[in-house]
Amino acid sequence: MSTTETTLSTGADLAAIRERKPLVHQITNYVVMNETANATLALGALPVMAHAREEVEEMASLASALVLNIGTLSPPWVEAMLAAGRAANAAGVPVVLDPVGAGATSYRTQTARRLLTEIDVAVLRGNAAEIATLAGREAEIRGVESIGASDSAAELARAAAQELGTVVAVTGALDHVSDGEQTLVVENGNPLLATITGSGCMSTAVTGCFLAVRSDAPLAAAAEALVAFGVAGEDAAREAKGPGSFHVALYDALYALDPATLDERARVA
Amino acid sequence: MSTTETTLSTGADLAAIRERKPLVHQITNYVVMNETANATLALGALPVMAHAREEVEEMASLASALVLNIGTLSPPWVEAMLAAGRAANAAGVPVVLDPVGAGATSYRTQTARRLLTEIDVAVLRGNAAEIATLAGREAEIRGVESIGASDSAAELARAAAQELGTVVAVTGALDHVSDGEQTLVVENGNPLLATITGSGCMSTAVTGCFLAVRSDAPLAAAAEALVAFGVAGEDAAREAKGPGSFHVALYDALYALDPATLDERARVA
Amino acid sequence: MSTTETTLSTGADLAAIRERKPLVHQITNYVVMNETANATLALGALPVMAHAREEVEEMASLASALVLNIGTLSPPWVEAMLAAGRAANAAGVPVVLDPVGAGATSYRTQTARRLLTEIDVAVLRGNAAEIATLAGREAEIRGVESIGASDSAAELARAAAQELGTVVAVTGALDHVSDGEQTLVVENGNPLLATITGSGCMSTAVTGCFLAVRSDAPLAAAAEALVAFGVAGEDAAREAKGPGSFHVALYDALYALDPATLDERARVA
């Protein structure tokens with residue numbers, strides 16, 4: 001964590017993703033695997049899903065980023081996440097964690113805490129209730145949907161980053177990203193993102209893509225990912241008649257993102 | 001089961017779903033998880049997928065309805081379904097069962113029977129061959145597709161409801177819903193629903209959403225779900241060029257369903 | 001393997017698929033299950049996904065083709081694939097294998113080799129790096145994406161077919177199918193196929209559909225599948241604005257494939 005101001009270069013980093021096509025290893029939930037793989041591909045990186053204890057260490061070591069998502073967790077998958085996370089840490093591969101449903105059941109809360117303790121996580125991305133739970137704050141969650149948290153999202157992101165020692169992205173109507181010192185607000189996005197399942201998981205996968213080319217600057221990577229994903233959401237919304245057509249247009253929009261205009265379209269405070 | 005005539009209030013119950021956003025816990029198959037989650041969200045409820053023995057009881061107890069679907073069953077998942085089902089029963093949370101492929105293999109038939117025996121199921125929804133198998137009738141099934149059953153669907157729904165002591169929905173070109181005394185025929189729908197995988201599973205998830213706000217009247221909830229899903233299918237078909245565009249339009253249509261016109265669009269006999 | 005020239009009859013075989021609606025049992029990866037099921041249905045066959053050790057033998061014996069895909073493998077799934085493969089062999093049901101990611105990790109390479117050794121595989125379909133790995137050639141793979149192989153695809157397909165004793169389809173910008181003696185080049189297709197995840201897996205599922213009605217001629221079945229899938233890709237590309245809309249249009253196009261024009265649209269050398 002630095003005291004110097006972070007500068008975003010979303011366009012240049014998107015161009016780097018498309019040029020280098022980094023491998024993004026994802027151990028994620030059954031509901032969104034196809035969605036996060038397609039979002040990763042549409043952005044320009046290469047997704048790979050692998051969860052067997054027999055291969056996760058080898059795959060994570062080969063990757064440029066590792067995405068962990070507990071959306072449909074079970075003991076063998078948690079073991080695989082821990083093994084992959086340790087291998088990623090050993091190989092210098094950055095790790096993003098999506099603590100889906102932390103706060104909804106004890107098993108999810110405990111597993112998210114265990115992953116944060118045993119793995120060096122570069123970015124933690126979740127909704128307000130999930131992050132509040134992990135930061136020991138009051139929160140209300142219904143299933144995997146945040147109903148409310150006692151702190152403002154900006155304060156929550158900052159406090160969680162300090163307490164957990166990682167960059168934290170709290171996403172919602174506005175997204176707040178903090179490393180505990182500096183907190184960025186990303187205003188890009190569209191309400192239709194909340195009407196499809198897995199849009200949060202997709203934004204986590206996109207965070208992995210940006211981390212793959214910007215592992216030195218997780219705060220910037222996390223904010224750039226939310227800018228890029230948010231701009232794609234804005235473009236998709238123009239084509240959409242509802243959640244179904246929005247979902248389809250979102251992949252088209254991610255694929256069509258223009259590095260040349262991305263920085264001027266970023267709405268970051 | 002009552003002797004008084006059931007009255008449907010599909011519009012009012014859809015409005016209640018959108019207002020209350022009930023949590024619908026689904027333990028379903030890998031093929032359709034994204035689809036049933038998105039259908040649930042598009043209708044207005046909150047889906048959550050959770051299958052680990054470590055959390056299903058807690059999650060099911062928190063939910064407003066539990067959906068069990070054996071489309072890609074295996075022993076750990078069956079154990080989770082039984083545990084979740086018992087927890088739901090204990091907490092008064094209504095349970096819907098989709099016996100995908102019952103009749104195709106002994107394992108599916110036995111598992112569906114076991115779930116029906118050990119859990120108090122509010123609504124059983126399947127195709128004619130699946131229901132006929134579970135009611136001890138002659139049936140032909142190819143994989144998970146009904147090829148034929150010896151009884152008429154109306155008679156089958158009635159007989160199965162009596163024998164199994166639950167509300168039974170037999171879906172197909174026409175849908176028949178019965179509690180063993182009263183049998184309703186739902187004529188809403190479109191043949192394109194049969195061209196996409198998981199449309200049956202989606203109708204089961206939608207049944208869970210209606211049960212969540214109408215747990216006192218499972219016959220009405222099951223029929224209303226098939227009305228709402230069928231009307232959405234009719235709307236989606238107007239936009240469709242084939243199964244792909246129909247599938248997309250189906251989510252748009254579920255999201256756009258208008259409580260104010262739903263009752264007059266219902267075709268129920 | 002024969003020395004007589006293979007004649008393709010893609011249109012007639014597609015018509016046979018639609019008339020007979022063969023059951024195609026698929027043990028495939030979590031990422032693409034919905035996609036391969038929908039592609040199978042859109043083409044005109046009946047998909048069924050079943051992976052439990054308790055039912056795979058029964059299901060495979062009932063099927064007209066078995067599709068094995070190691071894209072998200074783990075020990076219980078590998079055991080199920082072996083059991084299903086042996087049951088399919090015993091029942092005379094043709095088997096297609098998709099060795100997703102062979103070469104990326106030892107576990108994938110070893111598993112693909114074990115399946116090829118213990119099961120009589122009618123068609124092996126993969127990208128150049130996967131096939132080169134299995135044929136003992138030099139190859140580079142990043143995750144599940146082929147980066148390069150030392151041999152030309154035509155030579156690779158021929159050599160792999162001879163060494164592995166099966167029909168081999170090496171897919172890419174051009175597809176090469178060989179039984180070790182005759183090698184066919186299929187030029188149908190569109191670059192957008194490479195922008196969505198699972199297009200390779202879908203072509204394997206479609207291969208299963210053609211094998212189901214042409215089990216006597218695996219070379220023809222494999223080539224016809226790639227013609228049909230490639231023509232659908234060409235049609236879908238005309239509707240597409242990017243990967244999302246292409247993906248949707250692909251199902252519409254598979255459903256709309258016209259047996260009467262398929263042979264004249266085939267570009268096979």
# chains A, B, ... in the order shown; residues from 1 in each chain; ligands from 1

call {"tool": "interface_residues", "arguments": {"of": "chain B", "to": "chain C", "cutoff": "12 Å", "atoms": "only C-alpha atoms", "output": "PyMOL selection string"}}
result
chain B and resi 29-36+70-78+100-111+141-147+192-199+240-249

call {"tool": "residues_around", "arguments": {"residues": "segment 214-227 of chain B", "least_positions_apart": "5", "cutoff": "6 Å", "atoms": "only C-alpha atoms", "output": "VMD selection string"}}
result
chain B and resid 8 10 167 188 206 to 207 266

call {"tool": "write_last_selection", "arguments": {"atoms": "N, CA and C atoms", "output": "tab-separated table (two decimals), in the first residue's frame"}}
result
chain	number	residue	atom	x	y	z
B	8	LEU	N	-57.53	-18.75	-8.65
B	8	LEU	CA	-56.18	-18.28	-8.95
B	8	LEU	C	-56.12	-16.76	-8.87
B	10	THR	N	-53.06	-14.95	-9.99
B	10	THR	CA	-51.68	-14.97	-10.48
B	10	THR	C	-51.07	-13.57	-10.43
B	167	VAL	N	-49.62	-32.27	-4.28
B	167	VAL	CA	-50.08	-31.64	-5.52
B	167	VAL	C	-49.14	-32.08	-6.64
B	188	ASN	N	-51.68	-22.05	-21.21
B	188	ASN	CA	-50.65	-21.07	-21.60
B	188	ASN	C	-49.36	-21.80	-21.94
B	206	VAL	N	-39.94	-21.53	-10.92
B	206	VAL	CA	-41.01	-20.54	-10.84
B	206	VAL	C	-42.11	-21.03	-9.88
B	207	THR	N	-42.35	-22.33	-9.88
B	207	THR	CA	-43.31	-22.89	-8.92
B	207	THR	C	-42.84	-22.62	-7.49
B	266	ALA	N	-54.58	-15.52	-18.41
B	266	ALA	CA	-54.55	-16.92	-17.97
B	266	ALA	C	-55.58	-17.73	-18.76

call {"tool": "atom_distance", "arguments": {"atom1": "atom CA of Ala91 of chain C", "atom2": "atom CA of Leu66 of chain C"}}
result
11.1 Å

call {"tool": "select_by_dssp", "arguments": {"residues": "segment 4-242 of chain C", "states": "strand (DSSP E or B)", "output": "PyMOL selection string"}}
result
chain C and resi 23-27+46-49+65-69+95-98+102+105+123-127+139-142+145-149+167-171+175-178+183-186

call {"tool": "residues_around", "arguments": {"residues": "Pro191 of chain B", "least_positions_apart": "6", "cutoff": "10 Å", "atoms": "only C-alpha atoms", "output": "number ranges by chain"}}
result
B: 172-173, 233-234, 237

call {"tool": "write_last_selection", "arguments": {"atoms": "N, CA and C atoms", "output": "short mmCIF file (atom, residue, chain, number, x, y, z; two decimals), in the first residue's frame"}}
result
data_model
loop_
_atom_site.label_atom_id
_atom_site.label_comp_id
_atom_site.auth_asym_id
_atom_site.auth_seq_id
_atom_site.Cartn_x
_atom_site.Cartn_y
_atom_site.Cartn_z
N GLY B 172 -46.57 -30.38 -20.23
CA GLY B 172 -46.42 -30.84 -21.60
C GLY B 172 -47.03 -29.79 -22.51
N ALA B 173 -47.60 -30.21 -23.64
CA ALA B 173 -48.26 -29.25 -24.52
C ALA B 173 -49.34 -28.50 -23.72
N GLY B 233 -43.65 -17.43 -21.97
CA GLY B 233 -43.28 -18.21 -23.16
C GLY B 233 -43.99 -17.69 -24.41
N GLU B 234 -45.25 -17.32 -24.24
CA GLU B 234 -46.02 -16.77 -25.37
C GLU B 234 -45.39 -15.45 -25.83
N ALA B 237 -42.01 -16.00 -27.58
CA ALA B 237 -42.11 -16.61 -28.91
C ALA B 237 -42.30 -15.56 -30.00
#
